[in-house]
Amino acid sequence: LRHETNHRALYKVDLSMSNQNPKLKICGMKFRHNMLKVAQMKPDYLGFIFYEKSPRYMPDTLSPKDLKQLPNRTQKVGVFVDASTAYMKKQAKAYRLDLLQLHGSESPEQCEELKKEGYAIVKVFSIGKGDFDFSVLEAYKPFVKYFLFDTKGKQPGGNGETFDWSLLRNYDQEVPFFLSGGIDMENVVLLKNIPQLNIHAVDVNSRFEVEPGIKDIALLQKLKDKMKGTSEKFFRN
């Protein structure tokens, strides 16, 4: 796992560049053949779910040897929900994960412990209907590389539902973030209507699946083309 150092001075945001060509994370990989097909698209991140209650739980179907076939340019993100530090470290070592995505009620102290040992953290916060208190992020800022904003639903993720993205205007944009939750070919273009967001990456999952854990390659390619501006420069004014 790559060692990361977070200095708050690094998070000075040039908002004039925000929303332009964010990176792409494809989450919920489960099967080797489909994973390798998706990897041929050269996504920036692939997400692997280590939460047993998820239909996309993958340790039973993907081995560390399988993930070694991925290109180095695609970073591997392990998704955990209220897992022990020991379990996350074990899986990070076995699967050679680049980032740990914490999708439960993990504490700032656990994030600090992981960061001290060289792990790069993505801390998830789920947003429901109505206002969200972004002040809860403050305690986590010194210890995370990114935040991820998702939609609050029945499951910790992969619910295929969106939240009111305009609420993100209330976030101070200090730490860059992944945007997740029901993103599809139609609504992704609406991000251009919310300028000056410090979006590091768009995170897609269930809306681009044939069934849980099996991604629709053709649809993902259309999304990637759109995001890179080859078919439509939708993040530019």
# chains A, B, ... in the order shown; residues from 1 in each chain; ligands from 1

$ select_by_dssp --residues "stretch 35-201 of chain A" --states "helix (DSSP H, G or I)" --output "PyMOL selection string"
chain A and resi 35-39+64-67+85-95+108-116+134-143+165-170+187-193

$ closest_residue --among "A:Lys76, A:Lys152, A:Lys37, A:Lys93" --to "A:Gly130" --atoms "only C-alpha atoms"
A:Lys152

$ atom_distance --atom1 "atom CA of A:His200" --atom2 "atom CA of A:Met227"
12.7 Å

$ residues_around --residues "A:Pro108" --least-positions-apart "2" --cutoff "8 Å" --atoms "only C-alpha atoms" --output "list in words"
Glu106, Gln110, Cys111, Glu112, Ala139, Tyr140 and Phe143 of chain A

$ write_last_selection --atoms "N, CA and C atoms" --output "PDB file, in the first residue's frame"
ATOM      1  N   GLU A 106     -16.923   4.271  11.146  1.00  0.00           N
ATOM      2  CA  GLU A 106     -15.550   4.269  11.637  1.00  0.00           C
ATOM      3  C   GLU A 106     -15.193   5.627  12.255  1.00  0.00           C
ATOM      4  N   GLN A 110      -9.755   5.577  14.400  1.00  0.00           N
ATOM      5  CA  GLN A 110      -9.385   4.440  13.558  1.00  0.00           C
ATOM      6  C   GLN A 110      -8.727   4.913  12.269  1.00  0.00           C
ATOM      7  N   CYS A 111      -9.233   6.000  11.713  1.00  0.00           N
ATOM      8  CA  CYS A 111      -8.615   6.575  10.515  1.00  0.00           C
ATOM      9  C   CYS A 111      -7.192   7.034  10.816  1.00  0.00           C
ATOM     10  N   GLU A 112      -7.011   7.633  11.991  1.00  0.00           N
ATOM     11  CA  GLU A 112      -5.678   8.085  12.386  1.00  0.00           C
ATOM     12  C   GLU A 112      -4.723   6.900  12.524  1.00  0.00           C
ATOM     13  N   ALA A 139     -13.239  16.416  12.107  1.00  0.00           N
ATOM     14  CA  ALA A 139     -12.389  15.522  12.891  1.00  0.00           C
ATOM     15  C   ALA A 139     -11.637  14.520  12.032  1.00  0.00           C
ATOM     16  N   TYR A 140     -12.144  14.282  10.828  1.00  0.00           N
ATOM     17  CA  TYR A 140     -11.530  13.295   9.934  1.00  0.00           C
ATOM     18  C   TYR A 140     -10.495  13.904   8.988  1.00  0.00           C
ATOM     19  N   PHE A 143      -6.760  12.986   8.618  1.00  0.00           N
ATOM     20  CA  PHE A 143      -6.388  11.581   8.481  1.00  0.00           C
ATOM     21  C   PHE A 143      -6.837  10.934   7.167  1.00  0.00           C
TER      22      PHE A 143
END

$ closest_residue --among "A:Val38, A:Val202, A:Leu220, A:Val210" --to "A:Asn21" --atoms "only C-alpha atoms"
A:Val202

$ select_by_dssp --residues "chain A" --states "strand (DSSP E)" --output "PyMOL selection string"
chain A and resi 23-27+45-49+75-80+99-102+121-127+146-151+177-179+199-204+209-211+214-215

$ residues_around --residues "A:Leu219" --least-positions-apart "6" --cutoff "9 Å" --atoms "only C-alpha atoms" --output "list in words"
Met185, Phe208 and Glu209 of chain A

$ write_last_selection --atoms "N, CA, C and O atoms" --output "mmCIF file, in the first residue's frame"
data_model
loop_
_atom_site.group_PDB
_atom_site.id
_atom_site.type_symbol
_atom_site.label_atom_id
_atom_site.label_comp_id
_atom_site.auth_asym_id
_atom_site.auth_seq_id
_atom_site.Cartn_x
_atom_site.Cartn_y
_atom_site.Cartn_z
ATOM 1 N N MET A 185 -26.036 7.714 -16.897
ATOM 2 C CA MET A 185 -25.711 8.471 -18.100
ATOM 3 C C MET A 185 -26.494 9.774 -18.196
ATOM 4 O O MET A 185 -26.021 10.743 -18.790
ATOM 5 N N PHE A 208 -24.744 0.621 -13.700
ATOM 6 C CA PHE A 208 -23.972 0.156 -14.852
ATOM 7 C C PHE A 208 -23.713 -1.354 -14.760
ATOM 8 O O PHE A 208 -22.661 -1.840 -15.136
ATOM 9 N N GLU A 209 -24.718 -2.070 -14.281
ATOM 10 C CA GLU A 209 -24.599 -3.509 -14.106
ATOM 11 C C GLU A 209 -25.660 -4.276 -14.886
ATOM 12 O O GLU A 209 -26.784 -3.799 -15.078
#

$ decode --residues "stretch 172-191 of chain A" --atoms "C-alpha atoms" --output "mmCIF file, in the first residue's frame"
data_model
loop_
_atom_site.group_PDB
_atom_site.id
_atom_site.type_symbol
_atom_site.label_atom_id
_atom_site.label_comp_id
_atom_site.auth_asym_id
_atom_site.auth_seq_id
_atom_site.Cartn_x
_atom_site.Cartn_y
_atom_site.Cartn_z
ATOM 1 C CA ASP A 172 -15.992 23.816 2.226
ATOM 2 C CA GLN A 173 -14.315 21.795 -0.582
ATOM 3 C CA GLU A 174 -11.093 21.515 1.427
ATOM 4 C CA VAL A 175 -10.589 17.783 0.936
ATOM 5 C CA PRO A 176 -11.353 16.465 -2.562
ATOM 6 C CA PHE A 177 -14.105 13.875 -2.774
ATOM 7 C CA PHE A 178 -15.609 11.008 -4.714
ATOM 8 C CA LEU A 179 -19.250 11.464 -5.683
ATOM 9 C CA SER A 180 -21.391 8.334 -5.555
ATOM 10 C CA GLY A 181 -25.010 7.255 -5.388
ATOM 11 C CA GLY A 182 -27.223 6.474 -8.371
ATOM 12 C CA ILE A 183 -25.015 8.149 -10.979
ATOM 13 C CA ASP A 184 -26.046 7.248 -14.518
ATOM 14 C CA MET A 185 -25.711 8.471 -18.100
ATOM 15 C CA GLU A 186 -28.525 10.986 -17.715
ATOM 16 C CA ASN A 187 -27.897 12.641 -14.374
ATOM 17 C CA VAL A 188 -24.095 12.810 -14.540
ATOM 18 C CA VAL A 189 -24.332 15.740 -16.937
ATOM 19 C CA LEU A 190 -26.235 17.719 -14.293
ATOM 20 C CA LEU A 191 -23.011 18.181 -12.344
#
